[in-house]
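Please read the structure below before turning to the comments.
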Amino acid sequence: MTLIHRRGLLAATAAAALSLCASVHAQGGLGSGAPVRLIVGYSAGGPVDQGARLLSIALSKELGSTVVVDNKTGANATLAGNETSRANPDGLTLWFAASPTITISPNVMRKMQFDPVKDLTPIAPVLSYYNVLVANNNEPFKTTQALVDYAKANPGKLSYASAGVGGSNHLGTLLFAKRSGIELNHVPYRGNAPAMTDVMGGQINMMMDIISTAGTYIHGKKVTPIAVTSPQRNPALPDVPTFAESGIEGLKGFDVGGWYAVYGPKGMSPELQTRLNKAINAALAQPELKAKYKELGYDEWTGSPQTLVERAAKERQMWSTVTQGIVVD
């Protein structure tokens with residue numbers, strides 16, 4: 001065999017191999033029957049995991065493929081985002097993201113392994129959530145005004161817990177304190193559950209938590225609700241006032257919440273992005289899922305990828321003014 005013939009044969013073999021790989025890759029993409037992996041950056045049983053598992057059931061029906069939740073915890077959920085950014089953009093790897101990783105982490109983390117704007121494909125909003133400030137039952141204050149009055153009379157005495165530095169409940173409480181002109185001491189925990197345990201036990205005075213999980217402790221009379229961070233009262237806690245209702249000047253228009261959304265790896269085709277967006281919106285329209293999310297205190301939030309991009313950009317800018325001086329390694 002001549003050298004020219006050998007080179008031609010090698011070239012043909014390489015081309016055939018590439019063609020075969022492309023064919024196998026196409027066969028293994030969304031719609032092939034292969035399961036879809038929905039990555040969650042938080043531990044099983046928490047509010048983000050809960051929201052993802054409910055969506056996975058409804059989305060499986062729309063896609064005709066099993067959607068499996070995969071918990072990849074660590075580094076303020078940025079490990080989950082990084083893994084998603086490096087995945088094959090074939091629709092089989094998606095990320096059920098909570099907004100703090102998209103809007104807060106870029107402002108406070110010394111180094112992120114991925115860029116939420118450049119390294120992901122925005123697919124669809126899922127829902128919005130709000131927090132509720134709860135206090136130990138033995139605290140002398142039961143309302144926002146009473147809390148502010150007590151804090152001003154006892155500067156530096158009150159402490160609040162959070163799930164960690166730079167989390168939404170840390171910064172939400174910090175924003176409340178700044179706008180109401182009081183001083184509160186921050187005590188970070190490794191998750192909401194141990195923080196809530198110490199609030200109930202009296203080791204910590206108060207904390208903010210997502211309504212969907214805090215509701216259980218409120219209804220069980222384990223903690224005292226002070227106010228919700230939404231602009232209107234939440235249907236899951238109709239008797240709990242908003243911060244804006246307190247009448248405190250700095251809290252007028254107080255509206256601090258978060259959201260869940262689905263992202264894919266960068267490089268996803270516009271056709272696949274649109275297909276997944278439609279499937280997620282259809283899943284969110286299923287009556288059973290709508291009712292369950294409402295029962296947990298979530299607000300509906302659906303729309304296009306652009307809707308997601310615009311809200312993320314706006315909130316990244318908002319949090320940048322609150323997080324100055326906060327650095328997380």
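Chain labels follow the order of the structure tokens: the first chain is A, the next B, and so on; residue numbering restarts at 1 in every chain, and ligands are counted from 1 in their shown order.
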List as JSON lines every residue of segment 58-157 of chain A that is in contact with segment 268-290 of chain A, defined as an atom at most 9 Å from one of its atoms (using only C-alpha atoms), together with the nearest atom pair and the distance in Å rounded to one decimal, sorted by chain and then rising number.
{"residue": "A:Ala58", "atom": "CA", "partner": "A:Ala283", "partner_atom": "CA", "distance": 5.1}
{"residue": "A:Leu59", "atom": "CA", "partner": "A:Ala283", "partner_atom": "CA", "distance": 5.2}
{"residue": "A:Ser60", "atom": "CA", "partner": "A:Ala283", "partner_atom": "CA", "distance": 8.5}
{"residue": "A:Lys61", "atom": "CA", "partner": "A:Ala283", "partner_atom": "CA", "distance": 7.7}
{"residue": "A:Glu62", "atom": "CA", "partner": "A:Ala279", "partner_atom": "CA", "distance": 5.6}
{"residue": "A:Leu63", "atom": "CA", "partner": "A:Ala279", "partner_atom": "CA", "distance": 6.6}
{"residue": "A:Asn88", "atom": "CA", "partner": "A:Met268", "partner_atom": "CA", "distance": 8.4}
{"residue": "A:Pro89", "atom": "CA", "partner": "A:Met268", "partner_atom": "CA", "distance": 4.8}
{"residue": "A:Asp90", "atom": "CA", "partner": "A:Met268", "partner_atom": "CA", "distance": 6.8}
{"residue": "A:Gly91", "atom": "CA", "partner": "A:Leu272", "partner_atom": "CA", "distance": 7.0}
{"residue": "A:Leu120", "atom": "CA", "partner": "A:Met268", "partner_atom": "CA", "distance": 8.7}
{"residue": "A:Thr121", "atom": "CA", "partner": "A:Met268", "partner_atom": "CA", "distance": 6.5}
{"residue": "A:Pro122", "atom": "CA", "partner": "A:Gln273", "partner_atom": "CA", "distance": 7.9}
{"residue": "A:Ile123", "atom": "CA", "partner": "A:Asn277", "partner_atom": "CA", "distance": 5.5}
{"residue": "A:Ala124", "atom": "CA", "partner": "A:Asn277", "partner_atom": "CA", "distance": 5.3}
{"residue": "A:Pro125", "atom": "CA", "partner": "A:Asn281", "partner_atom": "CA", "distance": 8.5}
{"residue": "A:Val126", "atom": "CA", "partner": "A:Leu284", "partner_atom": "CA", "distance": 7.4}
{"residue": "A:Leu127", "atom": "CA", "partner": "A:Leu284", "partner_atom": "CA", "distance": 9.0}
Those selected residues, please, written with N, CA, C and O atoms and delivered as a PDB file, in the first residue's frame.
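For reference, selection_22.pdb as written:
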ATOM      1  N   ALA A  58     -43.219  16.006  37.276  1.00  0.00           N
ATOM      2  CA  ALA A  58     -44.051  16.614  36.236  1.00  0.00           C
ATOM      3  C   ALA A  58     -43.295  16.715  34.908  1.00  0.00           C
ATOM      4  O   ALA A  58     -43.879  16.501  33.831  1.00  0.00           O
ATOM      5  N   LEU A  59     -42.008  17.026  34.970  1.00  0.00           N
ATOM      6  CA  LEU A  59     -41.225  17.181  33.751  1.00  0.00           C
ATOM      7  C   LEU A  59     -41.013  15.846  33.049  1.00  0.00           C
ATOM      8  O   LEU A  59     -40.946  15.793  31.810  1.00  0.00           O
ATOM      9  N   SER A  60     -40.924  14.778  33.799  1.00  0.00           N
ATOM     10  CA  SER A  60     -40.782  13.444  33.199  1.00  0.00           C
ATOM     11  C   SER A  60     -41.951  13.141  32.264  1.00  0.00           C
ATOM     12  O   SER A  60     -41.777  12.557  31.192  1.00  0.00           O
ATOM     13  N   LYS A  61     -43.143  13.574  32.673  1.00  0.00           N
ATOM     14  CA  LYS A  61     -44.334  13.338  31.845  1.00  0.00           C
ATOM     15  C   LYS A  61     -44.256  14.131  30.551  1.00  0.00           C
ATOM     16  O   LYS A  61     -44.678  13.639  29.493  1.00  0.00           O
ATOM     17  N   GLU A  62     -43.742  15.335  30.620  1.00  0.00           N
ATOM     18  CA  GLU A  62     -43.686  16.196  29.430  1.00  0.00           C
ATOM     19  C   GLU A  62     -42.598  15.756  28.453  1.00  0.00           C
ATOM     20  O   GLU A  62     -42.771  15.858  27.241  1.00  0.00           O
ATOM     21  N   LEU A  63     -41.484  15.272  28.972  1.00  0.00           N
ATOM     22  CA  LEU A  63     -40.362  14.885  28.115  1.00  0.00           C
ATOM     23  C   LEU A  63     -40.450  13.444  27.642  1.00  0.00           C
ATOM     24  O   LEU A  63     -39.791  13.061  26.671  1.00  0.00           O
ATOM     25  N   ASN A  88     -22.112  17.823  28.545  1.00  0.00           N
ATOM     26  CA  ASN A  88     -22.478  17.810  27.131  1.00  0.00           C
ATOM     27  C   ASN A  88     -23.812  18.547  26.967  1.00  0.00           C
ATOM     28  O   ASN A  88     -24.769  18.251  27.683  1.00  0.00           O
ATOM     29  N   PRO A  89     -23.906  19.491  26.053  1.00  0.00           N
ATOM     30  CA  PRO A  89     -25.151  20.267  25.899  1.00  0.00           C
ATOM     31  C   PRO A  89     -26.223  19.538  25.096  1.00  0.00           C
ATOM     32  O   PRO A  89     -26.804  20.083  24.165  1.00  0.00           O
ATOM     33  N   ASP A  90     -26.494  18.282  25.467  1.00  0.00           N
ATOM     34  CA  ASP A  90     -27.440  17.470  24.716  1.00  0.00           C
ATOM     35  C   ASP A  90     -28.804  17.368  25.380  1.00  0.00           C
ATOM     36  O   ASP A  90     -29.677  16.619  24.928  1.00  0.00           O
ATOM     37  N   GLY A  91     -29.009  18.111  26.468  1.00  0.00           N
ATOM     38  CA  GLY A  91     -30.301  18.102  27.142  1.00  0.00           C
ATOM     39  C   GLY A  91     -30.436  17.061  28.229  1.00  0.00           C
ATOM     40  O   GLY A  91     -31.462  17.012  28.904  1.00  0.00           O
ATOM     41  N   LEU A 120     -23.268  29.073  31.018  1.00  0.00           N
ATOM     42  CA  LEU A 120     -24.517  28.320  31.145  1.00  0.00           C
ATOM     43  C   LEU A 120     -25.500  28.755  30.066  1.00  0.00           C
ATOM     44  O   LEU A 120     -25.398  29.855  29.521  1.00  0.00           O
ATOM     45  N   THR A 121     -26.456  27.891  29.792  1.00  0.00           N
ATOM     46  CA  THR A 121     -27.570  28.237  28.906  1.00  0.00           C
ATOM     47  C   THR A 121     -28.819  28.407  29.755  1.00  0.00           C
ATOM     48  O   THR A 121     -29.285  27.443  30.375  1.00  0.00           O
ATOM     49  N   PRO A 122     -29.375  29.611  29.858  1.00  0.00           N
ATOM     50  CA  PRO A 122     -30.613  29.793  30.626  1.00  0.00           C
ATOM     51  C   PRO A 122     -31.768  29.110  29.909  1.00  0.00           C
ATOM     52  O   PRO A 122     -31.929  29.268  28.696  1.00  0.00           O
ATOM     53  N   ILE A 123     -32.560  28.354  30.644  1.00  0.00           N
ATOM     54  CA  ILE A 123     -33.645  27.595  30.006  1.00  0.00           C
ATOM     55  C   ILE A 123     -35.016  28.084  30.432  1.00  0.00           C
ATOM     56  O   ILE A 123     -35.835  28.469  29.595  1.00  0.00           O
ATOM     57  N   ALA A 124     -35.284  28.095  31.742  1.00  0.00           N
ATOM     58  CA  ALA A 124     -36.631  28.488  32.158  1.00  0.00           C
ATOM     59  C   ALA A 124     -36.698  28.870  33.622  1.00  0.00           C
ATOM     60  O   ALA A 124     -36.073  28.220  34.469  1.00  0.00           O
ATOM     61  N   PRO A 125     -37.454  29.915  33.963  1.00  0.00           N
ATOM     62  CA  PRO A 125     -37.792  30.177  35.364  1.00  0.00           C
ATOM     63  C   PRO A 125     -38.706  29.067  35.865  1.00  0.00           C
ATOM     64  O   PRO A 125     -39.431  28.447  35.081  1.00  0.00           O
ATOM     65  N   VAL A 126     -38.689  28.832  37.168  1.00  0.00           N
ATOM     66  CA  VAL A 126     -39.562  27.802  37.742  1.00  0.00           C
ATOM     67  C   VAL A 126     -40.522  28.415  38.761  1.00  0.00           C
ATOM     68  O   VAL A 126     -41.729  28.228  38.672  1.00  0.00           O
ATOM     69  N   LEU A 127     -39.999  29.123  39.738  1.00  0.00           N
ATOM     70  CA  LEU A 127     -40.861  29.738  40.747  1.00  0.00           C
ATOM     71  C   LEU A 127     -40.078  30.750  41.558  1.00  0.00           C
ATOM     72  O   LEU A 127     -38.857  30.797  41.519  1.00  0.00           O
TER      73      LEU A 127
END
| All helix (DSSP H, G or I) positions in segment 247-325 of chain A, as a ChimeraX atom specification | /A:249-251,270-284,287-295,305-322
| request: Between atom CA of Val68 of chain A and atom CA of Ala52 of chain A, measure the distance and give it in Å to one decimal. | output: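 Here the two named atoms are 9.5 Å from each other.
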| Nearest to Phe141 of chain A by atom-to-atom distance, counting only C-alpha atoms, from A:Thr323, A:Gly303, A:Pro225, A:Ala244 |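 With only C-alpha atoms as the atom set, the closest residue is A:Pro225.
Nearest to Ala34 of chain A of all the residues A:Thr93, A:Thr143, A:Asp70, A:Ala161 is A:Thr93, based on only C-alpha atoms.
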| said: So the first atom is atom CA of Gly33 of chain A and the second is atom CA of Ser65 of chain A; what is the distance between them in Å, to one decimal place? | reply: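 Atom CA of Ser65 of chain A lies at a distance of 5.6 Å from atom CA of Gly33 of chain A.
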